[in-house]
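Text of the file protein_4.tsv, holding TSV, C-alpha atoms:
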chain	number	residue	atom	x	y	z
J	71	MET	CA	133.29	103.34	64.72
J	72	LYS	CA	136.99	102.82	64.40
J	73	LYS	CA	136.85	100.34	67.22
J	74	LEU	CA	134.09	98.49	65.46
J	75	SER	CA	136.03	98.25	62.24
J	76	ILE	CA	139.11	97.01	64.05
J	77	LEU	CA	136.96	94.48	65.80
J	78	LEU	CA	135.41	93.45	62.51
J	79	SER	CA	138.72	93.10	60.76
J	80	LEU	CA	140.08	91.14	63.70
J	81	THR	CA	137.08	88.82	63.59
J	82	PHE	CA	137.60	88.46	59.89
J	83	MET	CA	141.24	87.58	60.40
J	84	VAL	CA	140.34	85.03	63.05
J	85	CYS	CA	137.77	83.43	60.74
J	86	LEU	CA	140.32	83.33	57.98
J	87	ALA	CA	142.87	81.72	60.23
J	88	LEU	CA	140.34	79.14	61.33
J	89	SER	CA	139.21	78.26	57.86
J	90	THR	CA	142.64	77.74	56.36
J	91	GLN	CA	145.02	75.00	57.24
J	92	ALA	CA	143.10	73.70	60.22
J	93	GLN	CA	145.21	70.58	60.53
J	94	GLU	CA	148.50	72.07	59.38
J	95	GLY	CA	147.96	74.72	62.02
J	96	MET	CA	148.12	72.00	64.65
J	97	VAL	CA	151.83	71.51	64.00
J	98	GLY	CA	153.75	73.25	66.77
J	99	LYS	CA	150.73	73.50	69.07
J	100	VAL	CA	151.38	72.63	72.69
J	101	MET	CA	148.56	70.54	74.13
J	102	LYS	CA	147.72	69.71	77.70
J	103	ASP	CA	147.26	66.12	78.82
J	104	LEU	CA	144.23	64.20	77.58
J	105	PRO	CA	141.45	63.52	80.04
J	106	LYS	CA	141.48	59.96	81.34
J	107	MET	CA	139.85	57.66	78.85
J	108	LYS	CA	138.59	54.09	78.89
J	109	ASP	CA	141.05	51.61	77.37
J	110	ALA	CA	139.42	48.78	75.39
J	111	THR	CA	142.60	46.71	75.54
J	112	ASN	CA	142.87	46.76	79.28
J	113	GLY	CA	139.48	46.01	80.81
J	114	GLY	CA	138.37	49.62	80.67
J	115	LYS	CA	141.23	50.98	82.77
J	116	MET	CA	141.24	54.78	82.63
J	117	VAL	CA	144.41	56.24	81.14
J	118	SER	CA	145.77	59.57	79.96
J	119	LEU	CA	149.14	60.48	78.50
J	120	ALA	CA	150.52	61.08	81.99
J	121	SER	CA	149.91	57.39	82.73
J	122	PHE	CA	152.95	56.61	80.59
J	123	LYS	CA	155.67	57.71	82.95
J	124	ASN	CA	158.63	56.80	80.76
J	125	ALA	CA	157.30	58.14	77.47
J	126	LYS	CA	159.18	60.93	75.72
J	127	GLY	CA	156.24	61.42	73.42
J	128	PHE	CA	153.50	59.60	71.60
J	129	ILE	CA	152.28	58.49	68.21
J	130	LEU	CA	148.65	59.44	68.69
J	131	VAL	CA	146.27	57.97	66.13
J	132	PHE	CA	142.59	58.70	65.74
J	133	THR	CA	141.20	55.49	64.34
J	134	CYS	CA	138.15	53.25	64.55
J	135	ASN	CA	136.77	49.82	63.77
J	136	HIS	CA	134.53	50.38	60.77
J	137	CYS	CA	136.72	52.37	58.37
J	138	PRO	CA	138.52	50.31	55.71
J	139	PHE	CA	141.48	52.68	55.88
J	140	SER	CA	141.75	52.14	59.62
J	141	LYS	CA	141.54	48.40	59.08
J	142	ALA	CA	144.27	48.58	56.48
J	143	TYR	CA	146.55	50.24	59.02
J	144	GLU	CA	145.97	47.99	62.03
J	145	ALA	CA	149.01	45.80	61.46
J	146	ARG	CA	151.16	48.84	60.66
J	147	LEU	CA	150.10	50.48	63.94
J	148	VAL	CA	151.22	47.40	65.86
J	149	ALA	CA	154.55	47.49	63.99
J	150	LEU	CA	155.01	51.20	64.78
J	151	ASP	CA	154.26	50.58	68.45
J	152	GLU	CA	156.72	47.72	68.62
J	153	LYS	CA	159.39	49.78	66.93
J	154	TYR	CA	159.01	53.04	68.82
J	155	LYS	CA	157.61	52.09	72.23
J	156	GLU	CA	161.05	51.03	73.45
J	157	LYS	CA	162.46	54.28	72.11
J	158	GLY	CA	159.99	56.22	74.25
J	159	TYR	CA	157.25	56.88	71.71
J	160	PRO	CA	154.37	54.42	72.15
J	161	VAL	CA	151.29	54.38	69.92
J	162	ILE	CA	148.02	55.57	71.49
J	163	ALA	CA	144.87	54.85	69.47
J	164	ILE	CA	141.72	56.86	70.09
J	165	ASN	CA	138.29	56.14	68.63
J	166	PRO	CA	136.26	59.36	68.37
J	167	ASN	CA	133.35	58.00	66.30
J	168	ASP	CA	129.76	58.09	67.46
J	169	PRO	CA	128.70	54.44	67.86
J	170	THR	CA	125.06	55.38	67.30
J	171	LYS	CA	126.11	56.23	63.73
J	172	TYR	CA	128.49	53.27	63.38
J	173	PRO	CA	127.49	50.46	65.77
J	174	SER	CA	130.71	48.62	64.90
J	175	ASP	CA	132.59	51.45	66.64
J	176	SER	CA	131.08	50.68	70.06
J	177	TYR	CA	133.26	50.07	73.10
J	178	LYS	CA	132.38	46.36	73.08
J	179	ALA	CA	133.31	46.04	69.41
J	180	MET	CA	136.58	47.87	70.13
J	181	ILE	CA	137.49	45.27	72.76
J	182	VAL	CA	136.88	42.47	70.24
J	183	ARG	CA	138.76	44.19	67.41
J	184	ALA	CA	141.79	45.05	69.56
J	185	LYS	CA	142.00	41.45	70.70
J	186	GLU	CA	141.61	40.00	67.20
J	187	LYS	CA	144.28	42.26	65.76
J	188	GLY	CA	146.63	41.93	68.70
J	189	PHE	CA	146.83	45.62	69.60
J	190	THR	CA	149.92	46.16	71.75
J	191	PHE	CA	148.85	49.75	72.50
J	192	PRO	CA	145.88	51.34	74.29
J	193	TYR	CA	142.68	51.75	72.28
J	194	LEU	CA	140.83	54.57	73.98
J	195	VAL	CA	137.24	55.80	73.77
J	196	ASP	CA	136.81	59.52	73.10
J	197	GLU	CA	133.40	59.61	74.80
J	198	THR	CA	132.52	63.13	73.70
J	199	SER	CA	134.60	63.32	70.48
J	200	ASP	CA	136.11	66.43	72.09
J	201	ILE	CA	139.65	65.08	71.85
J	202	ALA	CA	139.21	64.80	68.08
J	203	ARG	CA	137.80	68.35	68.06
J	204	ASP	CA	140.72	69.66	70.14
J	205	TYR	CA	143.20	68.11	67.73
J	206	LYS	CA	141.10	69.14	64.72
J	207	ALA	CA	141.15	65.55	63.56
J	208	THR	CA	138.76	64.96	60.67
J	209	LYS	CA	139.30	61.42	59.55
J	210	THR	CA	140.45	57.96	60.50
J	211	PRO	CA	143.26	57.18	60.63
J	212	HIS	CA	144.67	60.62	61.48
J	213	THR	CA	148.08	60.64	63.10
J	214	TYR	CA	149.74	63.12	65.46
J	215	ILE	CA	153.25	62.74	66.81
J	216	LEU	CA	153.56	64.43	70.20
J	217	LYS	CA	156.72	65.38	72.00
J	218	LYS	CA	156.58	65.60	75.77
J	219	GLN	CA	157.56	68.94	77.28
J	220	GLY	CA	157.16	68.74	81.06
J	221	ASN	CA	153.47	68.04	81.54
J	222	LYS	CA	152.55	69.39	78.10
J	223	TYR	CA	152.71	67.79	74.68
J	224	LYS	CA	153.91	69.49	71.54
J	225	VAL	CA	152.50	68.42	68.17
J	226	VAL	CA	155.46	67.85	65.84
J	227	TYR	CA	153.79	65.93	62.99
J	228	VAL	CA	150.22	65.72	61.64
J	229	GLY	CA	148.92	63.55	58.86
J	230	ALA	CA	149.11	60.12	57.34
J	231	ILE	CA	151.22	57.17	58.42
J	232	ASP	CA	152.56	56.61	54.90
J	233	ASP	CA	151.59	57.37	51.33
J	234	SER	CA	149.80	54.17	50.39
J	235	ALA	CA	146.92	53.39	52.70
J	236	ARG	CA	145.37	50.36	51.12
J	237	ASP	CA	148.25	48.76	49.30
J	238	GLU	CA	151.34	48.29	51.42
J	239	SER	CA	153.36	47.17	48.41
J	240	LYS	CA	153.02	50.66	46.90
J	241	ILE	CA	154.39	52.62	49.83
J	242	SER	CA	157.09	55.00	48.67
J	243	ASP	CA	157.18	57.38	51.61
J	244	LYS	CA	156.86	56.35	55.26
J	245	TYR	CA	155.96	59.74	56.73
J	246	VAL	CA	155.71	58.72	60.38
J	247	GLU	CA	158.89	56.64	60.34
J	248	LYS	CA	160.81	59.45	58.67
J	249	ALA	CA	159.48	61.97	61.18
J	250	MET	CA	160.37	59.63	64.04
J	251	ALA	CA	163.89	59.18	62.69
J	252	ASP	CA	164.33	62.97	62.77
J	253	ILE	CA	162.82	63.26	66.24
J	254	LEU	CA	165.04	60.54	67.65
J	255	LYS	CA	168.04	62.43	66.28
J	256	GLY	CA	166.81	65.46	68.21
J	257	LYS	CA	165.71	67.29	65.06
J	258	GLN	CA	162.39	68.69	63.90
J	259	PRO	CA	160.70	66.41	61.34
J	260	SER	CA	161.66	67.64	57.86
J	261	LYS	CA	158.12	66.89	56.67
J	262	ASN	CA	155.66	67.69	59.43
J	263	TYR	CA	152.37	67.51	57.52
J	264	SER	CA	150.86	65.12	55.00
J	265	ARG	CA	147.48	64.19	53.65
J	266	ALA	CA	145.72	60.96	52.88
J	267	VAL	CA	142.22	60.02	51.93
J	268	GLY	CA	140.32	58.57	54.88
J	269	CYS	CA	136.88	58.17	56.46
J	270	SER	CA	135.28	61.30	57.92
J	271	ILE	CA	135.00	61.15	61.68
J	272	LYS	CA	131.39	61.02	62.83
J	273	MET	CA	131.56	63.26	65.88
J	274	ARG	CA	129.18	62.83	68.77
J	275	GLN	CA	126.89	65.85	68.89
L	279	MET	CA	132.31	24.62	39.20
L	280	LYS	CA	135.50	26.60	38.92
L	281	LYS	CA	134.92	26.99	35.17
L	282	ILE	CA	131.44	28.33	35.72
L	283	LEU	CA	132.74	30.81	38.24
L	284	PHE	CA	135.43	31.88	35.85
L	285	ALA	CA	132.91	32.34	33.04
L	286	LEU	CA	130.69	34.32	35.38
L	287	ALA	CA	133.58	36.51	36.42
L	288	LEU	CA	134.41	37.12	32.76
L	289	LEU	CA	130.79	37.95	32.04
L	290	ILE	CA	130.60	40.40	34.94
L	291	GLY	CA	133.91	41.81	33.89
L	292	SER	CA	132.82	42.39	30.33
L	293	PHE	CA	129.55	43.97	31.41
L	294	ALA	CA	131.41	46.23	33.73
L	295	THR	CA	133.91	47.32	31.13
L	296	GLN	CA	131.05	48.27	28.83
L	297	ALA	CA	130.06	51.08	31.17
L	298	GLN	CA	130.08	54.23	29.08
L	299	ASN	CA	130.23	56.58	31.99
L	300	PHE	CA	133.41	55.21	33.53
L	301	LYS	CA	136.92	56.39	32.79
L	302	THR	CA	140.26	56.23	34.53
L	303	ILE	CA	142.13	59.52	34.56
L	304	LYS	CA	145.55	60.85	35.39
L	305	MET	CA	146.56	63.84	37.45
L	306	ALA	CA	146.64	66.22	34.45
L	307	GLU	CA	143.05	65.34	33.56
L	308	LEU	CA	141.94	65.87	37.13
L	309	GLU	CA	143.39	69.37	37.01
L	310	LYS	CA	141.41	70.07	33.85
L	311	ILE	CA	138.24	68.79	35.44
L	312	ILE	CA	138.58	71.05	38.46
L	313	GLN	CA	139.54	74.05	36.34
L	314	PRO	CA	136.93	73.93	33.58
L	315	LYS	CA	137.16	76.26	30.59
L	316	ASP	CA	133.46	76.21	29.71
L	317	ASP	CA	130.63	77.93	31.60
L	318	LYS	CA	128.89	74.81	32.94
L	319	ILE	CA	128.24	74.30	36.61
L	320	TYR	CA	130.28	71.37	37.85
L	321	VAL	CA	129.44	69.31	40.90
L	322	VAL	CA	132.42	67.08	41.65
L	323	ASN	CA	131.86	64.55	44.39
L	324	PHE	CA	134.79	62.55	45.79
L	325	TRP	CA	133.70	59.12	46.95
L	326	ALA	CA	134.71	55.49	47.33
L	327	THR	CA	132.89	52.16	47.42
L	328	TRP	CA	134.18	51.62	50.96
L	329	CYS	CA	132.85	54.93	52.28
L	330	ARG	CA	129.37	54.46	53.69
L	331	PRO	CA	128.26	58.09	53.92
L	332	CYS	CA	129.46	58.52	50.31
L	333	ILE	CA	127.32	55.62	49.11
L	334	LYS	CA	124.33	57.07	50.87
L	335	GLU	CA	124.79	60.33	48.98
L	336	LEU	CA	125.23	58.88	45.50
L	337	PRO	CA	121.51	58.70	44.70
L	338	TYR	CA	121.25	62.42	45.54
L	339	PHE	CA	123.85	63.19	42.89
L	340	GLU	CA	122.16	60.86	40.42
L	341	ARG	CA	118.84	62.63	40.87
L	342	LEU	CA	120.57	65.99	40.78
L	343	GLN	CA	122.11	65.17	37.40
L	344	LYS	CA	118.72	64.21	35.97
L	345	LYS	CA	116.94	67.19	37.47
L	346	TYR	CA	119.44	69.77	36.24
L	347	ALA	CA	120.53	68.12	33.00
L	348	ASP	CA	118.95	70.93	30.95
L	349	LYS	CA	120.38	73.63	33.20
L	350	ASN	CA	123.99	73.19	32.24
L	351	VAL	CA	124.86	71.26	35.40
L	352	LYS	CA	127.37	68.44	35.15
L	353	VAL	CA	127.77	65.93	37.96
L	354	ILE	CA	131.10	64.13	38.25
L	355	LEU	CA	131.64	61.29	40.67
L	356	LEU	CA	135.35	61.04	41.29
L	357	ALA	CA	136.25	57.71	42.83
L	358	VAL	CA	139.14	57.53	45.27
L	359	GLU	CA	139.97	53.87	45.22
L	360	ASP	CA	142.71	51.39	44.44
L	361	ALA	CA	140.71	48.70	42.69
L	362	GLU	CA	139.36	49.69	39.30
L	363	GLN	CA	137.24	46.56	39.00
L	364	LYS	CA	135.52	47.28	42.29
L	365	VAL	CA	134.37	50.66	41.04
L	366	LYS	CA	133.21	49.26	37.70
L	367	ILE	CA	131.19	46.49	39.29
L	368	PHE	CA	129.74	48.93	41.79
L	369	ILE	CA	128.50	51.47	39.26
L	370	LYS	CA	127.04	48.66	37.17
L	371	LYS	CA	125.26	47.14	40.14
L	372	LYS	CA	123.91	50.47	41.36
L	373	LYS	CA	123.11	51.55	37.79
L	374	ILE	CA	125.00	54.80	38.23
L	375	GLN	CA	124.34	57.10	35.27
L	376	ALA	CA	126.48	60.11	36.14
L	377	GLN	CA	130.04	60.40	34.87
L	378	VAL	CA	132.45	58.41	37.04
L	379	TYR	CA	136.19	59.00	37.00
L	380	LEU	CA	138.86	57.06	38.82
L	381	LEU	CA	142.20	58.71	39.45
L	382	THR	CA	144.89	56.13	38.86
L	383	ASP	CA	148.32	57.68	39.18
L	384	ALA	CA	149.31	60.47	41.58
L	385	LYS	CA	149.91	60.17	45.27
L	386	VAL	CA	147.17	61.41	47.56
L	387	ASP	CA	149.49	63.91	49.22
L	388	GLN	CA	150.04	65.54	45.81
L	389	TRP	CA	146.56	65.75	44.33
L	390	VAL	CA	144.46	66.38	47.44
L	391	PRO	CA	145.85	69.91	48.06
L	392	LYS	CA	145.32	70.74	44.37
L	393	VAL	CA	141.60	70.13	44.73
L	394	ASP	CA	141.41	72.38	47.77
L	395	LYS	CA	144.23	73.59	49.96
L	396	ASP	CA	142.16	73.13	53.12
L	397	TRP	CA	141.16	69.58	52.32
L	398	ASP	CA	142.99	67.02	54.40
L	399	GLY	CA	141.62	64.00	52.56
L	400	ALA	CA	138.55	62.94	54.54
L	401	ILE	CA	135.68	61.88	52.29
L	402	PRO	CA	132.97	62.50	51.30
L	403	VAL	CA	133.62	66.00	49.97
L	404	THR	CA	131.99	67.89	47.13
L	405	LEU	CA	133.41	70.65	45.00
L	406	PHE	CA	131.03	73.08	43.29
L	407	ILE	CA	132.45	75.01	40.38
L	408	ASN	CA	130.60	77.79	38.66
L	409	GLY	CA	132.16	77.74	35.18
L	410	LYS	CA	130.86	81.19	34.35
L	411	THR	CA	132.17	83.06	37.38
L	412	LYS	CA	134.95	80.49	38.09
L	413	LYS	CA	133.82	80.62	41.70
L	414	ARG	CA	134.57	77.44	43.62
L	415	GLU	CA	132.90	76.19	46.75
L	416	PHE	CA	134.16	73.23	48.69
L	417	HIS	CA	131.88	71.29	50.98
L	418	MET	CA	133.55	68.92	53.43
L	419	GLY	CA	131.50	66.03	54.79
L	420	ASP	CA	128.23	64.54	53.68
L	421	MET	CA	125.16	66.53	52.69
L	422	THR	CA	121.43	66.01	52.82
L	423	GLU	CA	119.67	65.88	49.48
L	424	ALA	CA	117.84	69.10	50.35
L	425	ASP	CA	121.10	70.93	51.10
L	426	LEU	CA	122.70	69.65	47.92
L	427	ASN	CA	119.79	70.81	45.80
L	428	LYS	CA	119.66	74.16	47.56
L	429	LYS	CA	123.35	74.69	46.94
L	430	VAL	CA	123.08	73.93	43.22
L	431	GLU	CA	119.92	76.01	42.93
L	432	SER	CA	121.78	79.00	44.40
L	433	ILE	CA	124.65	78.59	41.93
L	434	VAL	CA	122.21	78.28	39.01
L	435	LYS	CA	120.63	81.56	40.15
L	436	GLN	CA	124.02	83.28	40.31
L	437	THR	CA	124.69	82.49	36.69
L	438	LYS	CA	121.43	84.00	35.47

Produce C-alpha cells that represent the structure in this file.
Amino acid sequence: MKKLSILLSLTFMVCLALSTQAQEGMVGKVMKDLPKMKDATNGGKMVSLASFKNAKGFILVFTCNHCPFSKAYEARLVALDEKYKEKGYPVIAINPNDPTKYPSDSYKAMIVRAKEKGFTFPYLVDETSDIARDYKATKTPHTYILKKQGNKYKVVYVGAIDDSARDESKISDKYVEKAMADILKGKQPSKNYSRAVGCSIKMRQ
Amino acid sequence: MKKILFALALLIGSFATQAQNFKTIKMAELEKIIQPKDDKIYVVNFWATWCRPCIKELPYFERLQKKYADKNVKVILLAVEDAEQKVKIFIKKKKIQAQVYLLTDAKVDQWVPKVDKDWDGAIPVTLFINGKTKKREFHMGDMTEADLNKKVESIVKQTK
C-alpha cells in the first residue's frame, strides 16, 4: 500500500512537472542531434545539425509558410543568419506543420517561399512533427538557441525573437540578439525565456 | 475614383466605429476581466483575424453566447492584434455579437503569463472562469463546438 501511494505521488509529481512550464523547462536540456531532414532550400538534401561541421551552436526556429507571424519574421531570420552564421551560430528553420491542414505549408510551397524570401539558411521538413514535440514547440515562430557540446546540443534560450512580432518599428527588446551577445561572451543568456503570441503548430497525427 | 474610395473608406470606418460590442482595453482592465468579482461564468477566447483556427471557432462562441445568455454565461472575445481597424472591420463583416476587446498597450511577454503561467502565447486559447468558485480552466488550442458546449455545460452544473 505504501508502495502504491509513493508510486501515486510520484506519478502526480511527474504530471505536475509536465503540465507546468513545458517550454521554460526546455532551457538547460541537452538534446541529441536531429534526424536528417529534407532541406527545401537545397534541392531536398538531407541535413542534420552534425552536417554543420564548424557550428558552435544554432538558432533553431520552428516556423512555417502560412502563419502571418512567421511571415513577419522572415526578413529578420535572414538578418540573424547573416549576423551570427559567421560567428558560428547559423539559423536553422524547421517547418513542423501538417500540410494536409495547411496546404501552403507543403514541401513544394516551402521551396517557393524560401526562394522568394531569399532564405540563406536551411528550411527543413519535420516529416512527423516529432522534432517539434521533442522540443515542446507549440507555435510558429518558436525559437531555440542551442549550444554545441560534443555531439549534443544544449538549449540555452527558448522563446520569441523580439518583443514586437508584427511591427518592427515597435521593437524594444531583441531577445535573441541579447542572448547571442551573452553567449558570444561565454556567458549564460541573462534572459533565457520569453513569450510571444503566435500560430499554434498543427502537428501531424 | 480616389474620392469615391476615400468616401467608402470613411463610410466603412464610421460603420465600424459604431460597433457597440468593441472596446480597446489596457493591461489593468485585462486583469480585471480575468479576475472577475461577480459570480458569472466567463468564457474568454483569445483570437486574431490572422489566425485561421481562431476564425473557425468564432461562430461556436457566438452561438454559445446566445444559447447560455440566460444562464449567467458571458463570452469575451479578446483580440490579439496590432491593427484596431482590422478588428473593427472584421467584427462588422462577420456580424459578431459577443463582446470584443482589443488589448492595446502591454508587451506580450508581460501579459501572457498573467493570463496563465503555462501559456506560451500560441493561439487560439480559451480561458473558462467560474465566477462563483473562482475556478479557472485554461484550454490551449482550438476546440470543437461540441467540446466547447460540454465544457460550459459542466461549469454551469458545478455552480448549481

- Which is closest to chain J among L:Ala384, L:Ile311, L:Val321, L:Ile401, if we use all atoms listed in the file?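 Among the listed residues, the smallest separation from chain J belongs to L:Ile401.
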
- Message: Between atom CA of Phe368 of chain L and atom CA of Asn165 of chain J, what distance in Å does the model show, to one decimal?
- Response: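 These two atoms are separated by 29.1 Å.
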
Each chain J residue no farther than 7 Å from chain L, nearest pair in Å, all atoms listed in the file, as JSON lines:
{"residue": "J:Thr90", "atom": "CA", "partner": "L:Asp396", "partner_atom": "CA", "distance": 5.7}
{"residue": "J:Gln91", "atom": "CA", "partner": "L:Asp396", "partner_atom": "CA", "distance": 5.4}
{"residue": "J:Pro138", "atom": "CA", "partner": "L:Trp328", "partner_atom": "CA", "distance": 6.6}
{"residue": "J:Thr208", "atom": "CA", "partner": "L:Ala400", "partner_atom": "CA", "distance": 6.5}
{"residue": "J:Lys209", "atom": "CA", "partner": "L:Ala400", "partner_atom": "CA", "distance": 5.3}
{"residue": "J:Asp233", "atom": "CA", "partner": "L:Lys385", "partner_atom": "CA", "distance": 6.9}
{"residue": "J:Ser264", "atom": "CA", "partner": "L:Asp387", "partner_atom": "CA", "distance": 6.1}
{"residue": "J:Arg265", "atom": "CA", "partner": "L:Asp387", "partner_atom": "CA", "distance": 4.9}
{"residue": "J:Ala266", "atom": "CA", "partner": "L:Gly399", "partner_atom": "CA", "distance": 5.1}
{"residue": "J:Val267", "atom": "CA", "partner": "L:Gly399", "partner_atom": "CA", "distance": 4.1}
{"residue": "J:Gly268", "atom": "CA", "partner": "L:Ala400", "partner_atom": "CA", "distance": 4.7}
{"residue": "J:Cys269", "atom": "CA", "partner": "L:Ala400", "partner_atom": "CA", "distance": 5.4}
{"residue": "J:Ser270", "atom": "CA", "partner": "L:Ala400", "partner_atom": "CA", "distance": 5.0}

- Query: So which one's closest to Glu238 of chain J, J:Leu194, J:Lys255, J:Glu144, J:Met180? Using all atoms listed in the file, please.
  - Reply: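 Selected residue with least distance to Glu238 of chain J: J:Glu144.
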
- Message: Just to confirm, what's the straight-line distance from atom CA of Asp252 of chain J to atom CA of Asn124 of chain J in Å (one decimal)?
- Response: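 Computed distance, atom CA of Asp252 of chain J to atom CA of Asn124 of chain J, equals 19.9 Å.
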
- Contact residues around Glu152 of chain J with all atoms listed in the file at 10 Å, ignoring same-chain residues under 5 positions, as a list in words: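 The contact residues come out as Arg146, Leu147, Lys157, Tyr159, Pro160, Val161, Thr190 and Phe191 of chain J.
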
Convert the current residue selection to file output with C-alpha atoms, as a PDB file, keeping the file's coordinate frame.
ATOM      1  CA  ARG J 146     151.160  48.840  60.660  1.00  0.00           C
ATOM      2  CA  LEU J 147     150.100  50.480  63.940  1.00  0.00           C
ATOM      3  CA  LYS J 157     162.460  54.280  72.110  1.00  0.00           C
ATOM      4  CA  TYR J 159     157.250  56.880  71.710  1.00  0.00           C
ATOM      5  CA  PRO J 160     154.370  54.420  72.150  1.00  0.00           C
ATOM      6  CA  VAL J 161     151.290  54.380  69.920  1.00  0.00           C
ATOM      7  CA  THR J 190     149.920  46.160  71.750  1.00  0.00           C
ATOM      8  CA  PHE J 191     148.850  49.750  72.500  1.00  0.00           C
TER       9      PHE J 191
END

- Message: Please determine, counting only C-alpha atoms, which residue among J:Glu156, J:Asp175, J:Glu186, J:Asp237 has the shortest atom-to-atom distance to Tyr143 of chain J.
- Response: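 Among J:Glu156, J:Asp175, J:Glu186, J:Asp237, it is J:Asp237 that comes nearest to Tyr143 of chain J.
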
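Using all atoms listed in the file, the contacts of Glu307 of chain L at a cut-off of 10 Å, with sequence neighbours closer than 6 positions omitted, comprise L:Gln313, L:Tyr379, L:Leu381.
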
- What is the distance, in Å and to one decimal place, between atom CA of Gly113 of chain J and atom CA of Ser176 of chain J?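 Those two atoms sit 14.4 Å apart.
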
- Message: Given only C-alpha atoms as the basis, pick out the residue of J:Lys218, J:Thr170, J:Ala142, J:Asp200 nearest to Ser234 of chain J.
- Response: J:Ala142
